[in-house]
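Asks: Next comes data05.cif, mmCIF, C-alpha atoms:
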```
data_model
#
loop_
_atom_site.label_atom_id
_atom_site.label_comp_id
_atom_site.auth_asym_id
_atom_site.auth_seq_id
_atom_site.Cartn_x
_atom_site.Cartn_y
_atom_site.Cartn_z
CA MET A 1 -19.10 4.34 35.58
CA PHE A 2 -19.34 4.48 31.78
CA ILE A 3 -20.89 1.02 31.66
CA SER A 4 -23.50 1.90 34.23
CA LYS A 5 -24.50 5.06 32.31
CA PHE A 6 -24.58 3.05 29.12
CA SER A 7 -26.69 0.35 30.80
CA ARG A 8 -29.12 2.95 32.16
CA LEU A 9 -29.36 4.52 28.72
CA GLY A 10 -30.07 1.12 27.15
CA ALA A 11 -32.68 0.25 29.76
CA GLN A 12 -34.36 3.62 29.39
CA ALA A 13 -34.39 3.30 25.61
CA TYR A 14 -35.89 -0.18 25.85
CA LYS A 15 -38.62 0.91 28.24
CA GLY A 16 -39.54 3.98 26.28
CA LEU A 17 -39.46 2.64 22.74
CA SER A 18 -43.13 3.25 22.16
CA LYS A 19 -43.82 5.76 24.94
CA ALA A 20 -41.58 8.81 24.84
CA PRO A 21 -38.61 10.29 23.03
CA LEU A 22 -35.14 9.15 24.13
CA THR A 23 -33.40 11.25 26.78
CA ILE A 24 -29.87 10.91 28.12
CA PRO A 25 -29.45 11.06 31.91
CA SER A 26 -25.91 12.50 31.66
CA LYS A 27 -25.48 16.29 31.88
CA LYS A 28 -22.61 16.34 29.35
CA SER A 29 -22.77 14.37 26.13
CA ASN A 30 -20.93 14.43 22.82
CA PHE A 31 -24.11 13.30 21.10
CA PRO A 32 -27.09 15.66 21.56
CA ILE A 33 -30.54 14.36 20.76
CA VAL A 34 -32.11 15.82 17.64
CA ASN A 35 -35.43 14.44 16.46
CA ASP A 36 -35.08 11.34 18.66
CA TYR A 37 -31.70 10.43 17.08
CA LEU A 38 -28.17 10.79 18.42
CA GLU A 39 -26.02 13.05 16.26
CA PRO A 40 -22.34 13.89 16.83
CA LEU A 41 -21.46 17.47 17.76
CA SER A 42 -18.75 17.77 15.13
CA HIS A 43 -17.64 16.01 11.99
CA LYS A 44 -13.96 15.63 11.17
CA LEU A 45 -13.18 15.26 7.50
CA PHE A 46 -10.00 13.68 6.23
CA CYS A 47 -8.60 12.49 2.96
CA THR A 48 -6.38 9.51 2.18
CA THR A 49 -5.18 10.73 -1.20
CA SER A 50 -2.17 12.91 -1.82
CA PRO A 51 -2.65 16.62 -2.43
CA GLY A 52 -1.35 16.23 -5.97
CA ASN A 53 0.12 19.20 -7.70
CA SER A 54 -0.64 21.70 -4.92
CA GLN A 55 2.87 23.14 -4.53
CA GLY A 56 3.35 24.05 -8.16
CA GLU A 57 5.51 21.05 -8.95
CA ASN A 58 5.34 19.90 -12.53
CA GLU A 59 4.51 16.31 -13.37
CA GLU A 60 8.12 15.47 -14.24
CA ASN A 61 9.19 16.13 -10.61
CA GLN A 62 6.64 13.60 -9.38
CA LYS A 63 8.28 10.73 -11.27
CA ILE A 64 11.61 9.00 -10.99
CA SER A 65 13.70 7.34 -13.67
CA VAL A 66 14.05 3.56 -13.35
CA THR A 67 15.94 1.29 -15.73
CA PHE A 68 15.02 -2.39 -16.02
CA PHE A 69 17.61 -4.82 -17.43
CA ASP A 70 16.46 -8.18 -18.79
CA LYS A 71 17.50 -10.75 -21.39
CA ASP A 72 16.36 -8.43 -24.20
CA GLY A 73 18.38 -5.41 -23.04
CA GLU A 74 17.40 -2.39 -21.01
CA GLN A 75 14.32 -0.23 -20.79
CA GLU A 76 14.17 3.11 -19.00
CA ILE A 77 10.79 4.21 -17.69
CA LYS A 78 9.37 7.04 -15.57
CA VAL A 79 7.67 5.83 -12.39
CA PRO A 80 5.29 8.00 -10.32
CA ILE A 81 6.25 8.54 -6.69
CA GLY A 82 4.44 5.97 -4.50
CA MET A 83 4.06 3.28 -7.19
CA SER A 84 5.66 -0.14 -6.76
CA MET A 85 8.16 -1.42 -9.30
CA LEU A 86 5.82 -4.33 -10.00
CA GLU A 87 2.99 -1.97 -11.01
CA ALA A 88 5.37 0.17 -13.05
CA ALA A 89 6.69 -2.89 -14.89
CA HIS A 90 3.17 -4.07 -15.72
CA GLU A 91 2.15 -0.62 -16.99
CA ASN A 92 5.19 -0.56 -19.30
CA ASP A 93 4.96 -4.16 -20.61
CA ILE A 94 8.08 -5.31 -18.79
CA GLU A 95 8.00 -9.05 -18.10
CA LEU A 96 7.97 -9.01 -14.31
CA GLU A 97 5.45 -11.65 -13.31
CA GLY A 98 3.92 -10.89 -9.89
CA ALA A 99 1.75 -14.02 -9.68
CA CYS A 100 0.30 -13.03 -6.27
CA GLU A 101 -0.43 -9.46 -7.45
CA GLY A 102 1.75 -7.90 -4.75
CA SER A 103 0.33 -9.69 -1.72
CA LEU A 104 3.71 -11.10 -0.55
CA ALA A 105 2.71 -14.67 -1.32
CA CYS A 106 5.29 -15.49 -4.02
CA SER A 107 8.71 -14.48 -5.30
CA THR A 108 7.92 -14.04 -8.98
CA CYS A 109 8.48 -10.25 -8.91
CA HIS A 110 12.07 -10.75 -7.71
CA VAL A 111 14.36 -7.94 -8.88
CA ILE A 112 18.05 -7.29 -8.28
CA VAL A 113 19.08 -3.75 -7.37
CA MET A 114 22.24 -3.18 -9.38
CA ASP A 115 23.74 -0.37 -7.27
CA VAL A 116 24.54 -1.01 -3.61
CA GLU A 117 24.11 2.73 -2.85
CA GLN A 118 20.57 2.61 -4.23
CA TYR A 119 19.86 -0.63 -2.36
CA ASN A 120 20.90 1.03 0.91
CA LYS A 121 18.32 3.79 0.30
CA LEU A 122 15.49 1.25 0.36
CA GLU A 123 13.62 0.42 3.55
CA ASP A 124 14.74 -2.84 5.14
CA PRO A 125 12.80 -5.87 3.90
CA THR A 126 10.16 -7.24 6.26
CA ASP A 127 10.32 -10.81 7.58
CA GLU A 128 7.53 -11.77 5.17
CA GLU A 129 9.51 -10.40 2.21
CA ASN A 130 12.66 -12.21 3.34
CA ASP A 131 10.67 -15.46 3.60
CA MET A 132 9.51 -15.08 0.00
CA LEU A 133 12.98 -14.05 -1.20
CA ASP A 134 14.31 -17.34 0.16
CA LEU A 135 12.25 -19.01 -2.60
CA ALA A 136 13.49 -16.69 -5.37
CA PHE A 137 15.56 -17.93 -8.30
CA GLY A 138 19.05 -16.36 -8.51
CA LEU A 139 18.97 -14.67 -5.09
CA THR A 140 21.70 -12.06 -4.47
CA GLU A 141 22.68 -9.73 -1.63
CA THR A 142 20.73 -6.88 -3.27
CA SER A 143 17.60 -8.87 -4.17
CA ARG A 144 14.18 -7.44 -3.40
CA LEU A 145 10.59 -8.12 -4.41
CA GLY A 146 9.38 -5.61 -6.98
CA CYS A 147 6.04 -5.28 -5.20
CA GLN A 148 7.86 -3.99 -2.10
CA VAL A 149 10.14 -1.46 -3.81
CA ILE A 150 8.16 1.78 -3.81
CA ALA A 151 9.23 4.79 -5.87
CA LYS A 152 10.46 7.76 -3.85
CA PRO A 153 12.53 10.78 -4.92
CA GLU A 154 15.83 9.51 -3.49
CA LEU A 155 15.59 6.42 -5.74
CA ASP A 156 15.78 8.43 -8.96
CA GLY A 157 18.08 6.59 -11.37
CA LEU A 158 17.31 3.17 -9.87
CA ARG A 159 18.65 0.26 -11.94
CA LEU A 160 16.93 -3.11 -11.59
CA ALA A 161 17.95 -6.41 -13.18
CA LEU A 162 15.37 -9.11 -13.82
CA PRO A 163 16.54 -12.67 -13.09
CA ALA A 164 16.71 -15.11 -16.00
CA ALA A 165 13.87 -17.19 -14.52
CA THR A 166 11.23 -17.22 -11.77
CA ARG A 167 9.77 -19.96 -9.64
CA ASN A 168 6.05 -19.90 -10.16
CA PHE A 169 4.64 -22.96 -8.45
CA ALA A 170 1.17 -22.39 -9.85
CA VAL A 171 1.71 -22.32 -13.62
CA ASP A 172 5.02 -22.84 -15.40
CA GLY A 173 5.56 -20.75 -18.50
CA TYR A 174 2.68 -18.33 -17.74
CA LYS A 175 3.15 -14.81 -19.11
CA PRO A 176 1.26 -12.24 -17.03
CA LYS A 177 -0.94 -9.51 -18.45
CA PRO A 178 -0.99 -6.09 -16.77
CA HIS A 179 -3.99 -5.57 -14.51
#
```
Translate this structure into structure tokens?

Replies:
Amino acid sequence: MFISKFSRLGAQAYKGLSKAPLTIPSKKSNFPIVNDYLEPLSHKLFCTTSPGNSQGENEENQKISVTFFDKDGEQEIKVPIGMSMLEAAHENDIELEGACEGSLACSTCHVIVMDVEQYNKLEDPTDEENDMLDLAFGLTETSRLGCQVIAKPELDGLRLALPAATRNFAVDGYKPKPH
């Protein structure tokens, strides 16, 4: 029935392109005709960004503490909720490569979660992440890709170790620059 109404509407529009204004044969329509154009009855607005500081929370409550351990020692940083560990590392000059820029196409952002309790709070890795982890240097039971570990309040105090090396098949010895 819908197709036949649509077909009749199309045929009528084609026939009357130069003759008369467009009319819809249906009695009920979600698109009334205004100045020969179809316009929706209502507009629904939505937003894809977070509401921010709307509940009176201070900025400190919107960040978690994460400690990175590498060959040079440890570095504690504050990471905003919703940011990946790869992005946080780049913003704080921590040498976590991320050759594919977080697109799950490499294993160069491999991190090791040092606490099993914290590891268990993470979402399970996807099949794609597990496939990339199979290529990672120094894989452990608590290994994850830094691009897939997203900061959330229950991960406050997260401790991540960086492996001694990565397997970057594109360029050996490349040192990434934050984006």

Asks: Run through the PyMOL selection byres ((chain A and resi 117) around 12) on the given coordinates and return the selected residues as number ranges by chain.

Replies: A: 113-116, 118-122, 142, 154-159

Asks: From the set A:Ala151, A:Ile112, A:Glu91, A:Ile77, which residue has the shortest atom-to-atom contact distance to A:Ala164, counting all atoms listed in the file?

Replies: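 Residue with the minimum atom-to-atom distance to A:Ala164: A:Ile112.
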
Asks: Within 6 Å of A:Val111, counting all atoms listed in the file, which residues qualify if same-chain residues fewer than 6 places away don't, as a count of residues only?

Replies: 6

Asks: Between A:Gly102, A:Gly138, A:Pro163, A:Pro153, which is the closest to A:Val66 once you count all atoms listed in the file?

Replies: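 Under the stated criterion, the closest residue is A:Pro153.
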
Asks: So how many Å separate atom CA of A:Cys109 and atom CA of A:Cys147, to one decimal?

Replies: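 That distance, rounded to one decimal, is 6.7 Å.
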
Asks: Quick check, in Å to one decimal: how far apart do atom CA of A:Thr108 and atom CA of A:Thr166 lie?

Replies: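 Computing it gives 5.4 Å between the two atoms.
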
Asks: So how many Å separate atom CA of A:Glu76 and atom CA of A:Val149, to one decimal?

Replies: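 Taking atom CA of A:Glu76 and atom CA of A:Val149, their separation equals 16.4 Å.
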
Asks: What would the list of residues within 7 Å of (11.0, -1.4, -9.1) (file frame) look like as an NGL selection string, if all atoms listed in the file are what count?

Replies: :A and (84-86 or 146 or 149-150 or 160)

Asks: Measuring between all atoms listed in the file, which one of A:Thr140, A:Lys63, A:Leu104, A:His110 shows the shortest distance to A:Asp127?

Replies: A:Leu104

Asks: Please identify all polymer residues lying at most 10 Å from the point (5.8, -1.0, -18.0) (file coordinates), using all atoms listed in the file, and present the result as a list in words.

Replies: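 The answer, in the requested form, is Phe68, Gln75, Glu76, Ile77, Lys78, Val79, Met85, Leu86, Glu87, Ala88, Ala89, His90, Glu91, Asn92, Asp93, Ile94, Glu95, Leu96 and Pro178 of chain A.
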
Asks: Taking only C-alpha atoms into account, which of A:Asp70, A:Glu101, A:Lys152, A:Gln62 comes nearest A:Ala165?

Replies: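 Of the candidates, the smallest distance to A:Ala165 is held by A:Asp70.
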